[in-house]
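Source file protein_33.txt; content: compact mmCIF, C-alpha atoms and all ligand atoms.
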```
# COMPACT_ATOMS: atom_id res chain seq x y z
CA MET T 1354 -18.24 -2.98 -24.71
CA SER T 1355 -18.69 0.70 -25.58
CA ASP T 1356 -15.93 3.14 -24.75
CA SER T 1357 -18.31 5.30 -22.79
CA ASN T 1358 -18.91 2.51 -20.31
CA PRO T 1359 -15.75 0.43 -19.95
CA SER T 1360 -15.86 -2.65 -17.74
CA ILE T 1361 -13.75 -3.00 -14.60
CA ALA T 1362 -11.39 -5.27 -16.54
CA ASP T 1363 -11.13 -2.69 -19.37
CA ARG T 1364 -10.21 0.03 -16.90
CA ILE T 1365 -7.49 -2.11 -15.38
CA VAL T 1366 -6.05 -2.93 -18.78
CA SER T 1367 -5.93 0.72 -19.80
CA ILE T 1368 -4.20 1.80 -16.57
CA ARG T 1369 -1.67 -1.01 -16.93
CA GLU T 1370 -0.92 0.10 -20.50
CA GLU T 1371 0.33 3.39 -19.09
CA LEU T 1372 2.55 1.86 -16.40
CA PRO T 1373 6.27 1.24 -16.71
CA PRO T 1374 6.90 -2.51 -16.41
CA GLU T 1375 8.37 -2.29 -12.90
CA VAL T 1376 5.26 -0.64 -11.43
CA THR T 1377 2.65 -2.80 -9.67
CA LEU T 1378 -1.02 -1.85 -9.76
CA VAL T 1379 -2.91 -2.59 -6.54
CA ALA T 1380 -6.65 -2.49 -7.23
CA VAL T 1381 -8.30 -0.96 -4.16
CA SER T 1382 -11.53 -2.88 -3.72
CA LYS T 1383 -12.63 -1.50 -0.32
CA THR T 1384 -16.43 -1.25 0.05
CA LYS T 1385 -16.88 -3.05 -3.30
CA PRO T 1386 -18.58 -6.45 -3.61
CA ASN T 1387 -16.81 -9.70 -4.35
CA ALA T 1388 -18.34 -9.70 -7.84
CA SER T 1389 -16.34 -6.56 -8.69
CA ILE T 1390 -13.13 -8.30 -7.61
CA GLN T 1391 -14.02 -11.27 -9.79
CA ASP T 1392 -14.58 -8.86 -12.70
CA ALA T 1393 -11.13 -7.41 -12.09
CA MET T 1394 -9.60 -10.90 -12.06
CA GLU T 1395 -10.75 -11.28 -15.67
CA ALA T 1396 -7.97 -8.84 -16.50
CA ASP T 1397 -5.55 -11.12 -14.57
CA GLN T 1398 -5.49 -8.65 -11.70
CA LEU T 1399 -4.24 -10.43 -8.55
CA ASP T 1400 -3.17 -7.57 -6.26
CA PHE T 1401 -6.06 -6.11 -4.27
CA GLY T 1402 -6.05 -3.53 -1.48
CA GLU T 1403 -8.42 -3.17 1.46
CA ASN T 1404 -8.39 -0.84 4.42
CA ARG T 1405 -10.71 -2.51 6.92
CA VAL T 1406 -9.54 -5.71 8.54
CA GLN T 1407 -12.96 -7.31 8.89
CA GLU T 1408 -13.83 -6.70 5.25
CA LEU T 1409 -10.43 -8.01 4.23
CA GLN T 1410 -10.94 -11.21 6.23
CA GLU T 1411 -14.38 -11.81 4.72
CA LYS T 1412 -13.17 -11.28 1.18
CA GLU T 1413 -10.10 -13.46 1.71
CA ALA T 1414 -12.29 -16.31 2.93
CA ALA T 1415 -14.69 -16.05 -0.01
CA LEU T 1416 -12.36 -15.40 -2.96
CA PRO T 1417 -9.60 -17.37 -4.73
CA LYS T 1418 -6.39 -18.04 -2.81
CA SER T 1419 -4.35 -16.77 -5.76
CA ILE T 1420 -5.19 -13.19 -4.71
CA ARG T 1421 -2.41 -11.15 -3.09
CA TRP T 1422 -4.09 -9.09 -0.37
CA HIS T 1423 -2.68 -5.70 0.56
CA GLN T 1424 -3.67 -4.06 3.85
CA ILE T 1425 -3.39 -0.43 2.76
CA GLY T 1426 -5.17 1.46 5.54
CA HIS T 1427 -4.24 2.33 9.08
CA LEU T 1428 -3.82 -0.87 11.09
CA GLN T 1429 -4.49 -1.19 14.80
CA THR T 1430 -2.22 -3.48 16.81
CA ASN T 1431 -5.12 -5.60 18.01
CA LYS T 1432 -6.09 -6.40 14.39
CA VAL T 1433 -2.68 -7.66 13.29
CA LYS T 1434 -3.38 -11.21 14.38
CA ALA T 1435 -6.37 -11.51 12.03
CA ILE T 1436 -4.46 -10.75 8.83
CA VAL T 1437 -1.01 -12.16 9.50
CA PRO T 1438 -1.89 -15.67 8.27
CA PHE T 1439 -2.54 -14.52 4.70
CA VAL T 1440 -1.65 -10.86 4.08
CA HIS T 1441 0.76 -10.22 1.18
CA LEU T 1442 1.90 -6.71 2.12
CA ILE T 1443 1.03 -4.30 4.95
CA HIS T 1444 1.40 -0.75 3.58
CA ALA T 1445 0.80 1.54 6.52
CA VAL T 1446 3.11 0.66 9.38
CA ASP T 1447 3.42 3.85 11.38
CA SER T 1448 4.89 2.84 14.73
CA GLU T 1449 7.51 0.62 16.31
CA ARG T 1450 4.80 -0.91 18.45
CA LEU T 1451 2.94 -2.08 15.35
CA LEU T 1452 6.11 -3.51 13.83
CA VAL T 1453 6.86 -5.45 16.98
CA GLU T 1454 3.34 -6.86 17.00
CA ILE T 1455 3.53 -7.91 13.34
CA ASP T 1456 6.85 -9.60 14.07
CA ARG T 1457 5.46 -11.44 17.08
CA ARG T 1458 2.31 -12.65 15.33
CA ALA T 1459 4.18 -13.62 12.17
CA LYS T 1460 6.64 -15.64 14.21
CA ASN T 1461 3.76 -17.53 15.85
CA HIS T 1462 2.54 -18.32 12.36
CA GLY T 1463 5.90 -19.41 11.02
CA ARG T 1464 5.77 -16.61 8.44
CA THR T 1465 7.77 -13.57 7.51
CA VAL T 1466 5.40 -10.73 6.68
CA ASP T 1467 6.30 -7.97 4.24
CA ALA T 1468 5.54 -4.39 5.25
CA LEU T 1469 6.05 -0.78 4.23
CA LEU T 1470 6.68 2.13 6.57
CA GLN T 1471 4.18 4.95 6.08
CA VAL T 1472 5.66 8.42 5.89
CA HIS T 1473 3.64 11.57 6.55
CA ILE T 1474 4.15 13.72 3.45
CA ALA T 1475 0.84 15.61 3.17
CA GLN T 1476 0.04 19.03 4.54
CA GLU T 1477 -2.96 17.53 6.26
CA ASP T 1478 -3.24 16.58 9.90
CA MET T 1479 -5.32 13.47 9.62
CA LYS T 1480 -2.98 11.36 7.58
CA PHE T 1481 -0.96 8.85 9.57
CA GLY T 1482 2.70 8.13 9.25
CA TRP T 1483 6.21 8.80 10.47
CA GLN T 1484 7.75 12.22 10.17
CA ALA T 1485 10.75 11.82 7.86
CA PRO T 1486 13.42 12.77 10.44
CA ASP T 1487 11.93 10.39 13.02
CA LEU T 1488 11.90 7.59 10.48
CA THR T 1489 15.51 8.13 9.49
CA ARG T 1490 16.54 8.16 13.14
CA PHE T 1491 14.51 5.02 13.80
CA ILE T 1492 16.09 3.10 10.95
CA GLU T 1493 19.61 4.33 11.57
CA GLY T 1494 19.20 3.39 15.22
CA ASN T 1495 19.12 -0.23 14.07
CA ALA T 1496 15.70 -0.79 15.61
CA LEU T 1497 14.81 -3.26 12.86
CA ALA T 1498 17.67 -5.62 13.63
CA GLY T 1499 15.82 -7.80 16.11
CA LEU T 1500 12.69 -8.19 14.00
CA GLU T 1501 13.19 -11.38 12.03
CA HIS T 1502 9.60 -12.07 11.01
CA VAL T 1503 8.73 -8.73 9.50
CA ARG T 1504 10.60 -7.69 6.37
CA ILE T 1505 10.47 -4.02 5.46
CA ARG T 1506 10.24 -3.64 1.68
CA GLY T 1507 10.16 0.15 1.48
CA LEU T 1508 7.98 3.18 2.07
CA MET T 1509 4.41 4.33 1.47
CA GLY T 1510 2.87 7.78 1.45
CA MET T 1511 -0.24 9.76 0.57
CA ALA T 1512 0.00 13.23 -0.91
CA THR T 1513 -2.24 16.13 0.03
CA PHE T 1514 -5.67 15.98 -1.61
CA THR T 1515 -5.33 19.12 -3.71
CA PRO T 1516 -5.65 20.15 -7.38
CA ASP T 1517 -2.18 21.72 -7.07
CA HIS T 1518 -0.12 19.23 -9.10
CA GLN T 1519 3.13 20.92 -8.22
CA GLN T 1520 2.52 20.47 -4.54
CA VAL T 1521 1.64 16.80 -5.03
CA ALA T 1522 4.75 16.29 -7.17
CA ARG T 1523 6.89 17.95 -4.50
CA GLU T 1524 5.51 15.70 -1.78
CA PHE T 1525 6.07 12.54 -3.84
CA LYS T 1526 9.57 13.66 -4.76
CA GLY T 1527 10.38 14.21 -1.09
CA LEU T 1528 9.27 10.67 -0.34
CA ARG T 1529 11.33 9.26 -3.19
CA LEU T 1530 14.44 11.11 -2.03
CA LEU T 1531 13.93 9.81 1.50
CA TYR T 1532 13.51 6.28 0.09
CA GLU T 1533 16.69 6.59 -1.95
CA SER T 1534 18.63 7.96 1.00
CA LEU T 1535 17.80 4.84 2.98
CA LEU T 1536 18.21 2.26 0.19
CA ASP T 1537 21.94 1.67 0.68
CA SER T 1538 21.52 0.61 4.27
CA ASN T 1539 18.37 -1.44 3.54
CA PRO T 1540 19.05 -4.02 0.84
CA SER T 1541 15.61 -5.62 1.25
CA TRP T 1542 13.87 -2.48 -0.02
CA ASP T 1543 12.33 -2.53 -3.50
CA THR T 1544 8.93 -0.86 -3.06
CA LEU T 1545 7.81 2.76 -3.05
CA SER T 1546 4.02 2.78 -2.73
CA MET T 1547 2.59 6.13 -3.81
CA GLY T 1548 -0.21 7.26 -6.09
CA MET T 1549 -4.02 6.86 -6.03
CA SER T 1550 -6.80 7.53 -8.56
CA GLY T 1551 -6.29 11.28 -8.58
CA ASP T 1552 -2.50 11.42 -8.60
CA TRP T 1553 -0.96 8.16 -9.81
CA ARG T 1554 0.44 9.66 -13.01
CA ILE T 1555 2.30 12.26 -10.95
CA ALA T 1556 3.51 9.51 -8.61
CA ILE T 1557 4.87 7.49 -11.54
CA ASP T 1558 6.76 10.53 -12.81
CA GLU T 1559 8.27 10.87 -9.34
CA GLY T 1560 9.45 7.27 -9.12
CA SER T 1561 6.61 5.21 -7.64
CA THR T 1562 6.91 1.44 -7.98
CA MET T 1563 3.42 0.63 -6.68
CA ILE T 1564 0.15 2.52 -7.15
CA ARG T 1565 -3.06 1.95 -5.20
CA VAL T 1566 -6.06 2.75 -7.40
CA GLY T 1567 -9.68 2.36 -6.31
CA SER T 1568 -12.35 4.66 -7.71
CA SER T 1569 -10.84 4.94 -11.22
CA ILE T 1570 -11.27 1.18 -11.52
CA PHE T 1571 -14.35 0.31 -9.48
CA GLY T 1572 -16.23 3.63 -9.55
CA GLY T 1573 -16.95 6.03 -6.73
CA ARG T 1574 -17.59 4.93 -3.18
C1 LIG V 1 -8.89 4.27 -0.55
C2 LIG V 1 -7.41 4.29 -0.64
C3 LIG V 1 -6.76 4.32 -1.89
C4 LIG V 1 -7.49 4.39 -3.21
O1 LIG V 1 -8.16 5.60 -3.34
P1 LIG V 1 -8.84 6.04 -4.73
O2 LIG V 1 -8.79 7.53 -4.69
O3 LIG V 1 -10.21 5.48 -4.74
O4 LIG V 1 -7.99 5.50 -5.83
C5 LIG V 1 -5.38 4.29 -1.89
N1 LIG V 1 -4.66 4.23 -0.75
C6 LIG V 1 -5.25 4.21 0.46
C7 LIG V 1 -4.40 4.14 1.67
C8 LIG V 1 -6.63 4.23 0.56
O5 LIG V 1 -7.21 4.20 1.77
```

Let me see the structure of the file written as structure tokens.
Ligand SMILES: *Cc1c(COP(=O)(O)O)cnc(C)c1O
Amino acid sequence: MSDSNPSIADRIVSIREELPPEVTLVAVSKTKPNASIQDAMEADQLDFGENRVQELQEKEAALPKSIRWHQIGHLQTNKVKAIVPFVHLIHAVDSERLLVEIDRRAKNHGRTVDALLQVHIAQEDMKFGWQAPDLTRFIEGNALAGLEHVRIRGLMGMATFTPDHQQVAREFKGLRLLYESLLDSNPSWDTLSMGMSGDWRIAIDEGSTMIRVGSSIFGGR
């Protein structure tokens, strides 16, 4: 394999070599064929991220059950039912209504589903997520107490898409500080999902424990 054209497995290995041991790499396989996921599995990659429920369902049905599927994109309440039987982690929970629905569907399935709360950290309108003060109020208001079948594991965020590294670092740092401020009252938290192809190194420097990388592994979409 020449260095100028590394395989999918090679790219995964070289990203992993740069990661601190506590950081999980989620390979974002959205829009990519099953064969690309199988290529990634040659590097023992088992965490894969998708953002469309139908595509996630199709891939889950066709590929090995050892895969840990991450729903990373915005999730509509009426799609929760379809992924609750198998999903490993839901990254983008942005409303109480969605949490309640995950809890209800997970209970019907006899499962407890892991989820992250998405925080709006970018200076862009279209990105989903809680505003930090609303999230703090929500959590301190004990709203999670009755939800026994959804287990919050931490927070997720997406920085502004900008070449300004300082701005991206500031946004990630803000998310990490919010995460740390809530850790004491949330002993089940161990995951801070931040960083994508363009900014994962910055995210690691700012304390990410989980990066979601697509195009740097699988090529452009
Ligand atoms: C597509 C996507 C990614 C990966 O993006 P790349 O820039 O291709 O690495 C990460 N997180 C979310 C939520 C996404 O939708």

Near ligand LIG 1 (chain V), 9 Å: chain T residue rows, closest pairs, all atoms listed in the file, as a tab-separated table:
```
residue	atom	partner	partner_atom	distance
T:Val1379	CA	V:LIG1	C5	8.7
T:Ala1380	CA	V:LIG1	C4	8.0
T:Val1381	CA	V:LIG1	C4	5.5
T:Ser1382	CA	V:LIG1	C1	8.3
T:Lys1383	CA	V:LIG1	C1	6.9
T:Gly1402	CA	V:LIG1	C5	7.9
T:Glu1403	CA	V:LIG1	O5	7.5
T:Asn1404	CA	V:LIG1	O5	5.8
T:Gln1424	CA	V:LIG1	C7	8.5
T:Ile1425	CA	V:LIG1	C7	4.8
T:Gly1426	CA	V:LIG1	C7	4.8
T:His1427	CA	V:LIG1	C7	7.6
T:His1444	CA	V:LIG1	C7	7.8
T:Ala1445	CA	V:LIG1	C7	7.6
T:Met1509	CA	V:LIG1	C7	8.8
T:Gly1510	CA	V:LIG1	C7	8.1
T:Met1511	CA	V:LIG1	C7	7.1
T:Met1547	CA	V:LIG1	N1	8.1
T:Gly1548	CA	V:LIG1	C5	7.3
T:Met1549	CA	V:LIG1	O4	4.2
T:Ser1550	CA	V:LIG1	O4	3.6
T:Gly1551	CA	V:LIG1	O2	6.0
T:Asp1552	CA	V:LIG1	O2	8.4
T:Trp1553	CA	V:LIG1	O4	8.5
T:Ile1564	CA	V:LIG1	C5	7.8
T:Arg1565	CA	V:LIG1	C5	4.7
T:Val1566	CA	V:LIG1	O4	3.7
T:Gly1567	CA	V:LIG1	O3	3.5
T:Ser1568	CA	V:LIG1	O3	3.8
T:Ser1569	CA	V:LIG1	O4	6.1
T:Ile1570	CA	V:LIG1	O4	7.9
T:Phe1571	CA	V:LIG1	O3	8.1
T:Gly1572	CA	V:LIG1	O3	7.9
T:Gly1573	CA	V:LIG1	O3	7.0
T:Arg1574	CA	V:LIG1	O3	7.6
```

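Distance check against T:Val1437 using only C-alpha atoms: of T:Val1466, T:Pro1374, T:Arg1450, T:Leu1416, the minimum falls on T:Val1466.
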
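If you look at atom CA of T:Glu1524 and atom CA of T:Ala1512, they are 6.1 Å away from each other.
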
- Query: What does the distance from atom CA of T:Ala1556 to atom CA of T:Phe1439 come to in Å, to one decimal?
  - Reply: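 Interatomic distance here is 28.1 Å.
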
- Which residue out of T:His1518, T:Asp1363, T:Leu1378, T:Asp1537 has the minimum interatomic distance to T:Glu1395 when only C-alpha atoms are used? T:Asp1363

- Using only C-alpha atoms, pick whichever of T:Thr1513, T:Gln1410, T:Asn1387, T:Lys1418 has the shortest atom-to-atom distance to T:Asp1478.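 So, comparing all the options, the nearest one is T:Thr1513.
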
- When distances are computed from all atoms listed in the file, which of T:Leu1442, T:Leu1372, T:Ala1362, T:Leu1452 shows the smallest separation from T:Glu1501?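 Of all the options, T:Leu1452 lies closest to T:Glu1501.
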
Output stretch 1451-1464 of chain T with N, CA and C atoms present, as a PDB file, keeping the file's coordinate frame.
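rebuild_3.pdb was written with the following content:
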```
ATOM      1  N   LEU T1451       3.619  -1.285  16.370  1.00  0.00           N
ATOM      2  CA  LEU T1451       2.940  -2.080  15.350  1.00  0.00           C
ATOM      3  C   LEU T1451       3.902  -3.069  14.692  1.00  0.00           C
ATOM      4  N   LEU T1452       5.100  -2.617  14.421  1.00  0.00           N
ATOM      5  CA  LEU T1452       6.110  -3.510  13.830  1.00  0.00           C
ATOM      6  C   LEU T1452       6.408  -4.690  14.742  1.00  0.00           C
ATOM      7  N   VAL T1453       6.545  -4.403  16.010  1.00  0.00           N
ATOM      8  CA  VAL T1453       6.860  -5.450  16.980  1.00  0.00           C
ATOM      9  C   VAL T1453       5.721  -6.461  17.041  1.00  0.00           C
ATOM     10  N   GLU T1454       4.502  -5.967  16.967  1.00  0.00           N
ATOM     11  CA  GLU T1454       3.340  -6.860  17.000  1.00  0.00           C
ATOM     12  C   GLU T1454       3.258  -7.716  15.731  1.00  0.00           C
ATOM     13  N   ILE T1455       3.529  -7.127  14.584  1.00  0.00           N
ATOM     14  CA  ILE T1455       3.530  -7.910  13.340  1.00  0.00           C
ATOM     15  C   ILE T1455       4.596  -9.001  13.437  1.00  0.00           C
ATOM     16  N   ASP T1456       5.755  -8.632  13.927  1.00  0.00           N
ATOM     17  CA  ASP T1456       6.850  -9.600  14.070  1.00  0.00           C
ATOM     18  C   ASP T1456       6.448 -10.760  14.983  1.00  0.00           C
ATOM     19  N   ARG T1457       5.845 -10.425  16.093  1.00  0.00           N
ATOM     20  CA  ARG T1457       5.460 -11.440  17.080  1.00  0.00           C
ATOM     21  C   ARG T1457       4.401 -12.397  16.509  1.00  0.00           C
ATOM     22  N   ARG T1458       3.374 -11.821  15.883  1.00  0.00           N
ATOM     23  CA  ARG T1458       2.310 -12.650  15.330  1.00  0.00           C
ATOM     24  C   ARG T1458       2.796 -13.473  14.133  1.00  0.00           C
ATOM     25  N   ALA T1459       3.650 -12.893  13.333  1.00  0.00           N
ATOM     26  CA  ALA T1459       4.180 -13.620  12.170  1.00  0.00           C
ATOM     27  C   ALA T1459       5.042 -14.788  12.625  1.00  0.00           C
ATOM     28  N   LYS T1460       5.815 -14.565  13.665  1.00  0.00           N
ATOM     29  CA  LYS T1460       6.640 -15.640  14.210  1.00  0.00           C
ATOM     30  C   LYS T1460       5.769 -16.793  14.683  1.00  0.00           C
ATOM     31  N   ASN T1461       4.691 -16.480  15.388  1.00  0.00           N
ATOM     32  CA  ASN T1461       3.760 -17.530  15.850  1.00  0.00           C
ATOM     33  C   ASN T1461       3.204 -18.331  14.680  1.00  0.00           C
ATOM     34  N   HIS T1462       3.103 -17.676  13.540  1.00  0.00           N
ATOM     35  CA  HIS T1462       2.540 -18.320  12.360  1.00  0.00           C
ATOM     36  C   HIS T1462       3.578 -18.968  11.470  1.00  0.00           C
ATOM     37  N   GLY T1463       4.833 -18.864  11.853  1.00  0.00           N
ATOM     38  CA  GLY T1463       5.900 -19.410  11.020  1.00  0.00           C
ATOM     39  C   GLY T1463       6.034 -18.683   9.700  1.00  0.00           C
ATOM     40  N   ARG T1464       5.699 -17.399   9.673  1.00  0.00           N
ATOM     41  CA  ARG T1464       5.770 -16.610   8.440  1.00  0.00           C
ATOM     42  C   ARG T1464       6.735 -15.452   8.625  1.00  0.00           C
TER      43      ARG T1464
END
```
